[in-house]
>>> print(open('run.txt').read())   # compact mmCIF, C-alpha atoms
# COMPACT_ATOMS: atom_id res chain seq x y z
CA MET X 1 39.41 155.32 103.58
CA THR X 2 40.55 153.62 100.38
CA ARG X 3 43.98 153.04 98.91
CA SER X 4 42.59 153.30 95.38
CA GLU X 5 41.91 156.59 93.56
CA SER X 6 39.47 154.73 91.31
CA ARG X 7 37.15 153.85 94.22
CA GLN X 8 36.48 157.41 95.32
CA ALA X 9 33.47 157.95 93.05
CA MET X 10 31.86 154.68 94.18
CA LEU X 11 32.35 155.56 97.85
CA GLY X 12 30.90 159.00 97.28
CA GLU X 13 27.81 157.48 95.65
CA LEU X 14 27.35 155.33 98.77
CA GLY X 15 27.27 158.44 100.92
CA ALA X 16 30.82 158.40 102.28
CA VAL X 17 33.42 161.16 102.12
CA PRO X 18 36.38 159.21 100.69
CA VAL X 19 40.03 159.77 101.50
CA VAL X 20 42.87 157.98 99.73
CA ALA X 21 45.48 156.59 102.12
CA ASP X 22 47.68 153.54 102.57
CA ALA X 23 46.67 151.80 105.80
CA LEU X 24 50.25 150.53 106.20
CA ASP X 25 51.72 154.05 106.11
CA PRO X 26 51.44 155.50 109.64
CA GLY X 27 51.85 159.07 108.42
CA GLN X 28 49.03 158.80 105.91
CA VAL X 29 46.73 157.15 108.47
CA THR X 30 47.51 159.79 111.10
CA GLN X 31 46.79 162.56 108.62
CA ALA X 32 43.51 161.01 107.44
CA VAL X 33 42.20 160.48 110.98
CA ALA X 34 43.33 163.93 112.14
CA ARG X 35 41.48 165.52 109.23
CA ALA X 36 38.27 163.58 109.92
CA ARG X 37 38.42 163.88 113.75
CA PRO X 38 35.95 160.98 114.18
CA GLU X 39 34.09 160.02 117.34
CA VAL X 40 34.29 156.35 116.32
CA ILE X 41 36.74 154.43 114.13
CA VAL X 42 35.44 151.33 112.34
CA HIS X 43 38.34 149.13 111.27
CA GLN X 44 37.28 146.75 108.48
CA LEU X 45 40.67 146.51 106.75
CA THR X 46 41.24 143.26 104.88
CA ALA X 47 42.88 142.24 101.61
CA ILE X 48 41.38 138.77 101.22
CA GLY X 49 41.23 137.66 97.61
CA THR X 50 41.28 134.14 96.24
CA ILE X 51 42.19 131.65 98.98
CA ASP X 52 43.95 128.42 98.05
CA PRO X 53 43.89 126.17 101.16
CA ARG X 54 47.22 124.71 100.04
CA HIS X 55 48.76 128.21 100.22
CA PHE X 56 46.71 129.64 103.06
CA ASP X 57 49.64 131.42 104.70
CA ARG X 58 50.63 133.16 101.47
CA ASP X 59 47.10 134.26 100.59
CA PHE X 60 46.40 135.69 104.07
CA ALA X 61 49.74 137.52 104.38
CA PRO X 62 48.47 140.96 103.22
CA THR X 63 45.48 140.77 105.59
CA ASN X 64 47.75 139.67 108.44
CA ARG X 65 49.72 142.90 107.99
CA LEU X 66 46.53 144.95 108.03
CA ARG X 67 45.45 143.22 111.24
CA THR X 68 48.78 143.91 112.93
CA GLU X 69 50.47 147.02 111.51
CA GLY X 70 47.23 148.51 110.19
CA THR X 71 45.50 148.08 113.56
CA ASP X 72 48.40 149.68 115.40
CA HIS X 73 48.44 152.69 113.05
CA LEU X 74 44.69 153.25 113.41
CA LEU X 75 44.81 152.94 117.18
CA SER X 76 47.68 155.42 117.42
CA ALA X 77 45.88 157.89 115.17
CA GLY X 78 42.63 157.40 117.09
CA GLN X 79 44.27 158.01 120.43
CA ALA X 80 45.74 161.27 119.13
CA VAL X 81 42.26 162.67 118.41
CA GLY X 82 40.46 161.10 121.39
CA VAL X 83 38.27 158.54 119.63
CA ARG X 84 35.65 157.35 122.14
CA ARG X 85 34.95 153.97 120.49
CA PHE X 86 37.02 151.70 118.25
CA VAL X 87 35.19 148.88 116.44
CA ALA X 88 37.34 146.30 114.65
CA GLN X 89 36.49 143.39 112.40
CA SER X 90 38.03 140.10 113.47
CA ASN X 91 37.39 136.54 112.34
CA GLY X 92 35.02 134.06 113.97
CA ALA X 93 35.00 131.62 111.08
CA PHE X 94 38.43 130.00 111.39
CA PRO X 95 40.34 130.50 114.66
CA TYR X 96 38.52 128.76 117.54
CA ALA X 97 40.23 125.81 119.24
CA ARG X 98 39.48 122.55 117.44
CA THR X 99 38.51 120.67 120.60
CA GLY X 100 35.38 120.43 122.69
CA ALA X 101 32.00 121.76 121.62
CA ALA X 102 31.12 122.09 117.94
CA VAL X 103 29.86 125.65 118.50
CA LYS X 104 31.90 128.19 120.48
CA GLY X 105 31.12 131.33 122.45
CA GLU X 106 33.28 134.41 122.79
CA GLU X 107 34.76 133.16 126.07
CA ASP X 108 36.14 130.03 124.41
CA PRO X 109 39.85 130.10 123.51
CA LEU X 110 41.30 130.57 120.07
CA ASP X 111 43.32 127.68 118.68
CA PRO X 112 46.45 127.35 120.84
CA SER X 113 48.26 125.23 118.24
CA PRO X 114 47.11 126.05 114.70
CA VAL X 115 48.54 124.07 111.80
CA ARG X 116 51.58 125.66 110.17
CA GLU X 117 49.68 127.27 107.27
CA MET X 118 47.28 129.01 109.68
CA ARG X 119 49.66 130.14 112.44
CA ALA X 120 50.31 133.62 111.08
CA MET X 121 46.59 134.24 110.52
CA VAL X 122 45.65 133.24 114.08
CA ALA X 123 48.57 135.27 115.48
CA ALA X 124 47.37 138.34 113.56
CA ILE X 125 43.84 137.88 114.91
CA ARG X 126 45.22 137.64 118.46
CA HIS X 127 47.24 140.82 117.92
CA LEU X 128 44.24 142.77 116.64
CA GLU X 129 41.94 141.64 119.43
CA GLU X 130 44.42 142.21 122.25
CA ALA X 131 45.44 145.63 120.93
CA VAL X 132 41.83 146.82 120.61
CA LEU X 133 40.58 145.38 123.89
CA CYS X 134 43.59 146.63 125.87
CA ALA X 135 43.33 150.22 124.61
CA ASP X 136 42.19 151.78 127.90
CA TRP X 137 41.74 155.25 126.37
CA THR X 138 38.78 154.14 124.23
CA GLU X 139 35.96 151.58 124.22
CA GLY X 140 37.38 148.72 122.17
CA ILE X 141 34.92 146.40 120.44
CA VAL X 142 35.84 143.32 118.37
CA LEU X 143 33.38 141.77 115.92
CA ARG X 144 34.24 138.19 114.95
CA HIS X 145 32.57 137.76 111.59
CA GLY X 146 31.59 134.37 110.27
CA ALA X 147 32.27 133.35 106.67
CA LEU X 148 30.91 136.27 104.67
CA TYR X 149 28.58 135.68 101.73
CA GLY X 150 26.42 137.88 99.56
CA PRO X 151 27.09 140.86 97.27
CA GLY X 152 30.74 141.79 96.98
CA THR X 153 32.04 138.40 98.14
CA SER X 154 33.19 135.25 96.36
CA MET X 155 30.16 133.45 97.83
CA ALA X 156 27.46 135.03 95.69
CA PRO X 157 25.66 133.97 92.50
CA GLY X 158 28.09 134.02 89.60
CA GLN X 159 31.13 134.51 91.82
CA GLU X 160 34.15 132.26 92.35
CA GLN X 161 33.15 129.98 95.22
CA PHE X 162 29.62 129.40 93.95
CA GLU X 163 30.97 128.63 90.48
CA LEU X 164 33.45 126.12 91.89
CA VAL X 165 30.55 124.33 93.58
CA ARG X 166 28.47 124.51 90.39
CA GLU X 167 31.34 123.04 88.35
CA ARG X 168 31.96 120.33 90.95
CA LYS X 169 35.41 121.70 91.74
CA PHE X 170 34.72 122.28 95.45
CA PRO X 171 35.12 118.79 96.93
CA LEU X 172 33.89 117.39 100.22
CA VAL X 173 37.05 116.55 102.17
CA GLY X 174 37.15 113.57 104.52
CA ASN X 175 34.07 113.36 106.70
CA GLY X 176 33.13 117.00 106.10
CA GLY X 177 32.79 117.43 109.85
CA GLY X 178 34.16 120.99 110.02
CA VAL X 179 31.43 123.33 111.34
CA TRP X 180 31.04 126.66 109.53
CA SER X 181 29.24 129.77 110.70
CA PHE X 182 28.11 132.17 107.98
CA ILE X 183 26.96 135.78 107.88
CA ARG X 184 25.54 137.80 105.02
CA THR X 185 27.35 141.08 104.32
CA THR X 186 24.23 143.16 104.95
CA ASP X 187 23.75 141.53 108.37
CA ALA X 188 27.40 142.12 109.24
CA ALA X 189 26.89 145.79 108.37
CA GLU X 190 23.83 146.00 110.64
CA ALA X 191 25.81 144.46 113.48
CA THR X 192 28.54 147.03 112.96
CA VAL X 193 26.00 149.85 113.23
CA ALA X 194 24.66 148.32 116.46
CA ALA X 195 28.20 148.13 117.88
CA VAL X 196 28.94 151.74 116.89
CA GLU X 197 25.74 153.01 118.49
CA HIS X 198 25.60 151.05 121.75
CA GLY X 199 28.25 148.37 121.96
CA SER X 200 30.34 147.83 125.09
CA ARG X 201 33.99 146.82 125.34
CA GLY X 202 34.36 143.17 124.39
CA VAL X 203 34.15 140.52 121.70
CA TYR X 204 31.02 139.58 119.75
CA ASN X 205 30.47 136.71 117.31
CA ILE X 206 28.66 138.08 114.26
CA VAL X 207 27.22 134.94 112.69
CA ASP X 208 23.83 133.59 111.71
CA ASP X 209 21.68 131.20 113.77
CA ASP X 210 22.62 128.06 111.84
CA PRO X 211 26.19 126.74 112.19
CA ALA X 212 26.49 123.64 110.03
CA PRO X 213 29.08 121.01 109.10
CA VAL X 214 30.51 121.09 105.59
CA ALA X 215 28.90 117.69 104.94
CA GLU X 216 25.54 119.47 105.34
CA TRP X 217 25.92 122.94 103.81
CA LEU X 218 28.09 122.04 100.80
CA PRO X 219 25.71 119.43 99.29
CA ALA X 220 22.77 121.75 100.07
CA LEU X 221 24.46 124.58 98.19
CA ALA X 222 25.23 122.27 95.25
CA GLN X 223 21.58 121.26 95.10
CA MET X 224 20.50 124.91 95.29
CA LEU X 225 22.77 125.70 92.32
CA GLY X 226 21.48 122.74 90.30
CA ALA X 227 24.89 121.06 90.46
CA LYS X 228 25.84 117.44 91.02
CA LYS X 229 26.77 116.32 94.52
CA PRO X 230 30.31 117.37 95.47
CA MET X 231 33.05 114.83 94.92
CA ARG X 232 34.52 113.32 98.06
CA VAL X 233 38.31 113.31 98.49
CA PRO X 234 40.63 112.18 101.31
CA ARG X 235 42.06 114.69 103.80
CA PHE X 236 45.61 114.65 102.42
CA VAL X 237 44.45 116.03 99.08
CA ALA X 238 43.39 119.32 100.71
CA GLY X 239 46.62 120.01 102.57
CA GLU X 240 46.91 120.93 106.25
CA ALA X 241 44.76 124.06 106.20
CA GLY X 242 42.19 122.58 103.84
CA ALA X 243 41.78 119.54 106.08
CA VAL X 244 41.20 121.80 109.10
CA LEU X 245 38.65 123.94 107.27
CA MET X 246 36.71 120.96 106.00
CA THR X 247 36.93 118.49 108.88
CA GLU X 248 37.93 120.20 112.19
CA LEU X 249 36.59 123.76 112.21
CA ARG X 250 34.30 124.89 115.05
CA GLY X 251 31.27 127.11 114.59
CA ALA X 252 30.27 130.16 116.64
CA SER X 253 27.24 131.25 118.67
CA ASN X 254 25.62 134.66 118.17
CA ALA X 255 23.76 134.65 121.53
CA LYS X 256 25.89 137.42 123.05
CA ALA X 257 25.53 139.75 120.06
CA LYS X 258 21.77 139.29 120.08
CA ARG X 259 21.55 139.87 123.80
CA GLU X 260 23.93 142.79 124.22
CA LEU X 261 23.79 144.57 120.86
CA GLY X 262 20.07 144.10 120.31
CA TRP X 263 20.94 142.71 116.88
CA GLN X 264 19.19 140.02 114.87
CA PRO X 265 20.47 138.67 111.55
CA GLY X 266 18.06 139.50 108.76
CA HIS X 267 19.06 136.17 107.19
CA PRO X 268 18.93 133.74 110.15
CA SER X 269 20.23 130.85 108.04
CA TRP X 270 22.51 130.40 105.08
CA ARG X 271 19.85 127.97 103.79
CA GLN X 272 17.69 130.89 102.71
CA GLY X 273 20.43 133.50 102.54
CA PHE X 274 22.47 131.74 99.83
CA ALA X 275 19.46 131.89 97.52
CA THR X 276 18.96 135.67 97.76
>>> encode(input="run.txt", output="structure tokens")
Amino acid sequence: MTRSESRQAMLGELGAVPVVADALDPGQVTQAVARARPEVIVHQLTAIGTIDPRHFDRDFAPTNRLRTEGTDHLLSAGQAVGVRRFVAQSNGAFPYARTGAAVKGEEDPLDPSPVREMRAMVAAIRHLEEAVLCADWTEGIVLRHGALYGPGTSMAPGQEQFELVRERKFPLVGNGGGVWSFIRTTDAAEATVAAVEHGSRGVYNIVDDDPAPVAEWLPALAQMLGAKKPMRVPRFVAGEAGAVLMTELRGASNAKAKRELGWQPGHPSWRQGFAT
């Protein structure tokens, strides 16, 4: 499903049968699902573009709607045709509680008190996960993706985030203690296939094997790109959300996904993955 007429040819070349529909229009979603009569719905709806940490709430607003209204519309349409499995993309990069262990498992709580700029995003994630997992008419599966990199993302050679690092415009904030978990797009796709084929109801972190603090991965990426070391700036420069992302974030463990989905990331570490 795409909302853009211009993307139909590209989707067809990839092997999909495209349908144009607005995910926020319940009638269009119902019609599209009824026509396809799928056994499984895979919900990957996002609208994440350029993210300015100082305007995090504004930049995530369209995706928040897709994770709330869009999820509800897809679930309703799926229930009408008897979908047996519903796989939804969530977020494992940002929302875990900022206390305790540096690396979290699926049983660990999401942030109970996010900073103001991140409240709506975390609330939308909660809505998506609860709606999918509580749908007793289907097998609801939630995939918490790490920070995506690779083709089609802003973290790829020549793309926005890499260029900011290359131009020394991606600073190291405070102590850089925020722990990030990454996943390459191709590995996220493989995990989705595994969930579709033999996943069970529940939440899975889809991340690589190498969660790392910003103070480690950001200078390593700069070196990889032949750039100077990132500048260091105080926390207040980054704003509330930026300070959380760079100094307080928790990483995620992929042990459950490996064990229960039989999945292994083809790029076990961002250290090699960033270079490919």
>>> closest_residue(input="run.txt", among="X:Gln8, X:Gln264, X:Ala135, X:Ala220", to="Phe162 (chain X)", atoms="all atoms listed in the file")
X:Ala220
>>> atom_distance(input="run.txt", atom1="CA of Asp22 (chain X)", atom2="CA of Ala88 (chain X)")
17.5 Å
>>> residues_around(input="run.txt", residues="Val42 (chain X)", least_positions_apart="4", cutoff="9 Å", atoms="all atoms listed in the file", output="PyMOL selection string")
chain X and resi 85-89+192+196
>>> closest_atom_pairs(input="run.txt", of="region 212-254 of chain X", to="region 181-184 of chain X", cutoff="7 Å", atoms="all atoms listed in the file", output="tab-separated table")
residue	atom	partner	partner_atom	distance
X:Ala212	CA	X:Ser181	CA	6.8
X:Gly251	CA	X:Ser181	CA	5.1
X:Ala252	CA	X:Ser181	CA	6.0
>>> residues_near_point(input="run.txt", point="(27.3, 135.6, 101.6)", cutoff="10 Å", atoms="only C-alpha atoms", output="list of chain:residue names")
X:Gly146, X:Ala147, X:Leu148, X:Tyr149, X:Gly150, X:Pro151, X:Gly152, X:Thr153, X:Ser154, X:Met155, X:Ala156, X:Pro157, X:Phe182, X:Ile183, X:Arg184, X:Thr185, X:Thr186, X:Asp187, X:His267, X:Trp270, X:Gly273, X:Phe274, X:Ala275, X:Thr276
>>> atom_distance(input="run.txt", atom1="CA of Thr138 (chain X)", atom2="CA of Arg84 (chain X)")
4.9 Å
>>> residues_around(input="run.txt", residues="Glu5 (chain X)", least_positions_apart="2", cutoff="12 Å", atoms="all atoms listed in the file", output="PyMOL selection string")
chain X and resi 1-3+7-12+18-22
>>> residues_around(input="run.txt", residues="Thr247 (chain X)", least_positions_apart="4", cutoff="12 Å", atoms="only C-alpha atoms", output="PyMOL selection string")
chain X and resi 94+98+102+172-180+212-216+233-236+238-243+251
>>> decode(input="run.txt", residues="region 35-64 of chain X", atoms="N, CA and C atoms", output="mmCIF file, in the first residue's frame")
data_model
loop_
_atom_site.group_PDB
_atom_site.id
_atom_site.type_symbol
_atom_site.label_atom_id
_atom_site.label_comp_id
_atom_site.auth_asym_id
_atom_site.auth_seq_id
_atom_site.Cartn_x
_atom_site.Cartn_y
_atom_site.Cartn_z
ATOM 1 N N ARG X 35 -10.045 -6.061 -0.590
ATOM 2 C CA ARG X 35 -9.712 -6.499 -1.943
ATOM 3 C C ARG X 35 -8.582 -7.525 -1.922
ATOM 4 N N ALA X 36 -7.597 -7.315 -1.052
ATOM 5 C CA ALA X 36 -6.430 -8.211 -1.001
ATOM 6 C C ALA X 36 -6.727 -9.511 -0.244
ATOM 7 N N ARG X 37 -7.611 -9.448 0.747
ATOM 8 C CA ARG X 37 -7.938 -10.588 1.613
ATOM 9 C C ARG X 37 -6.665 -11.318 2.068
ATOM 10 N N PRO X 38 -5.771 -10.633 2.779
ATOM 11 C CA PRO X 38 -4.494 -11.232 3.174
ATOM 12 C C PRO X 38 -4.631 -12.195 4.346
ATOM 13 N N GLU X 39 -3.693 -13.128 4.423
ATOM 14 C CA GLU X 39 -3.576 -13.978 5.611
ATOM 15 C C GLU X 39 -2.844 -13.231 6.722
ATOM 16 N N VAL X 40 -1.910 -12.374 6.330
ATOM 17 C CA VAL X 40 -1.069 -11.634 7.278
ATOM 18 C C VAL X 40 -1.032 -10.174 6.850
ATOM 19 N N ILE X 41 -1.136 -9.270 7.802
ATOM 20 C CA ILE X 41 -0.893 -7.848 7.547
ATOM 21 C C ILE X 41 0.440 -7.484 8.181
ATOM 22 N N VAL X 42 1.288 -6.816 7.403
ATOM 23 C CA VAL X 42 2.553 -6.279 7.910
ATOM 24 C C VAL X 42 2.429 -4.756 7.905
ATOM 25 N N HIS X 43 2.466 -4.177 9.069
ATOM 26 C CA HIS X 43 2.240 -2.744 9.280
ATOM 27 C C HIS X 43 3.605 -2.070 9.500
ATOM 28 N N GLN X 44 4.091 -1.419 8.435
ATOM 29 C CA GLN X 44 5.378 -0.714 8.515
ATOM 30 C C GLN X 44 5.183 0.784 8.323
ATOM 31 N N LEU X 45 3.994 1.297 8.571
ATOM 32 C CA LEU X 45 3.687 2.689 8.273
ATOM 33 C C LEU X 45 4.492 3.654 9.138
ATOM 34 N N THR X 46 5.264 4.504 8.480
ATOM 35 C CA THR X 46 5.931 5.623 9.149
ATOM 36 C C THR X 46 5.987 6.789 8.170
ATOM 37 N N ALA X 47 6.268 7.961 8.693
ATOM 38 C CA ALA X 47 6.455 9.149 7.850
ATOM 39 C C ALA X 47 7.619 9.956 8.416
ATOM 40 N N ILE X 48 8.691 9.249 8.757
ATOM 41 C CA ILE X 48 9.834 9.892 9.420
ATOM 42 C C ILE X 48 10.746 10.492 8.359
ATOM 43 N N GLY X 49 10.878 11.796 8.385
ATOM 44 C CA GLY X 49 11.790 12.489 7.480
ATOM 45 C C GLY X 49 12.979 13.006 8.259
ATOM 46 N N THR X 50 13.322 14.251 8.023
ATOM 47 C CA THR X 50 14.416 14.881 8.758
ATOM 48 C C THR X 50 13.974 15.133 10.200
ATOM 49 N N ILE X 51 14.800 14.702 11.155
ATOM 50 C CA ILE X 51 14.482 14.882 12.573
ATOM 51 C C ILE X 51 15.422 15.912 13.187
ATOM 52 N N ASP X 52 14.846 16.996 13.671
ATOM 53 C CA ASP X 52 15.580 18.007 14.416
ATOM 54 C C ASP X 52 15.298 17.753 15.898
ATOM 55 N N PRO X 53 16.312 17.341 16.680
ATOM 56 C CA PRO X 53 16.058 17.037 18.100
ATOM 57 C C PRO X 53 15.424 18.181 18.874
ATOM 58 N N ARG X 54 15.596 19.415 18.382
ATOM 59 C CA ARG X 54 14.985 20.558 19.064
ATOM 60 C C ARG X 54 13.502 20.690 18.724
ATOM 61 N N HIS X 55 13.044 19.944 17.713
ATOM 62 C CA HIS X 55 11.628 19.951 17.330
ATOM 63 C C HIS X 55 11.153 18.515 17.128
ATOM 64 N N PHE X 56 11.532 17.665 18.057
ATOM 65 C CA PHE X 56 11.271 16.233 17.956
ATOM 66 C C PHE X 56 9.776 15.949 17.862
ATOM 67 N N ASP X 57 8.997 16.619 18.691
ATOM 68 C CA ASP X 57 7.557 16.403 18.733
ATOM 69 C C ASP X 57 6.922 16.743 17.393
ATOM 70 N N ARG X 58 7.312 17.865 16.818
ATOM 71 C CA ARG X 58 6.773 18.287 15.526
ATOM 72 C C ARG X 58 7.131 17.292 14.423
ATOM 73 N N ASP X 59 8.382 16.857 14.393
ATOM 74 C CA ASP X 59 8.854 16.010 13.298
ATOM 75 C C ASP X 59 8.297 14.590 13.377
ATOM 76 N N PHE X 60 7.913 14.136 14.575
ATOM 77 C CA PHE X 60 7.342 12.801 14.716
ATOM 78 C C PHE X 60 5.817 12.799 14.643
ATOM 79 N N ALA X 61 5.188 13.963 14.570
ATOM 80 C CA ALA X 61 3.724 14.031 14.609
ATOM 81 C C ALA X 61 3.051 13.192 13.521
ATOM 82 N N PRO X 62 3.480 13.244 12.254
ATOM 83 C CA PRO X 62 2.812 12.412 11.238
ATOM 84 C C PRO X 62 2.938 10.914 11.528
ATOM 85 N N THR X 63 4.105 10.485 11.999
ATOM 86 C CA THR X 63 4.292 9.069 12.326
ATOM 87 C C THR X 63 3.466 8.679 13.548
ATOM 88 N N ASN X 64 3.334 9.584 14.503
ATOM 89 C CA ASN X 64 2.485 9.298 15.665
ATOM 90 C C ASN X 64 1.054 9.004 15.240
#
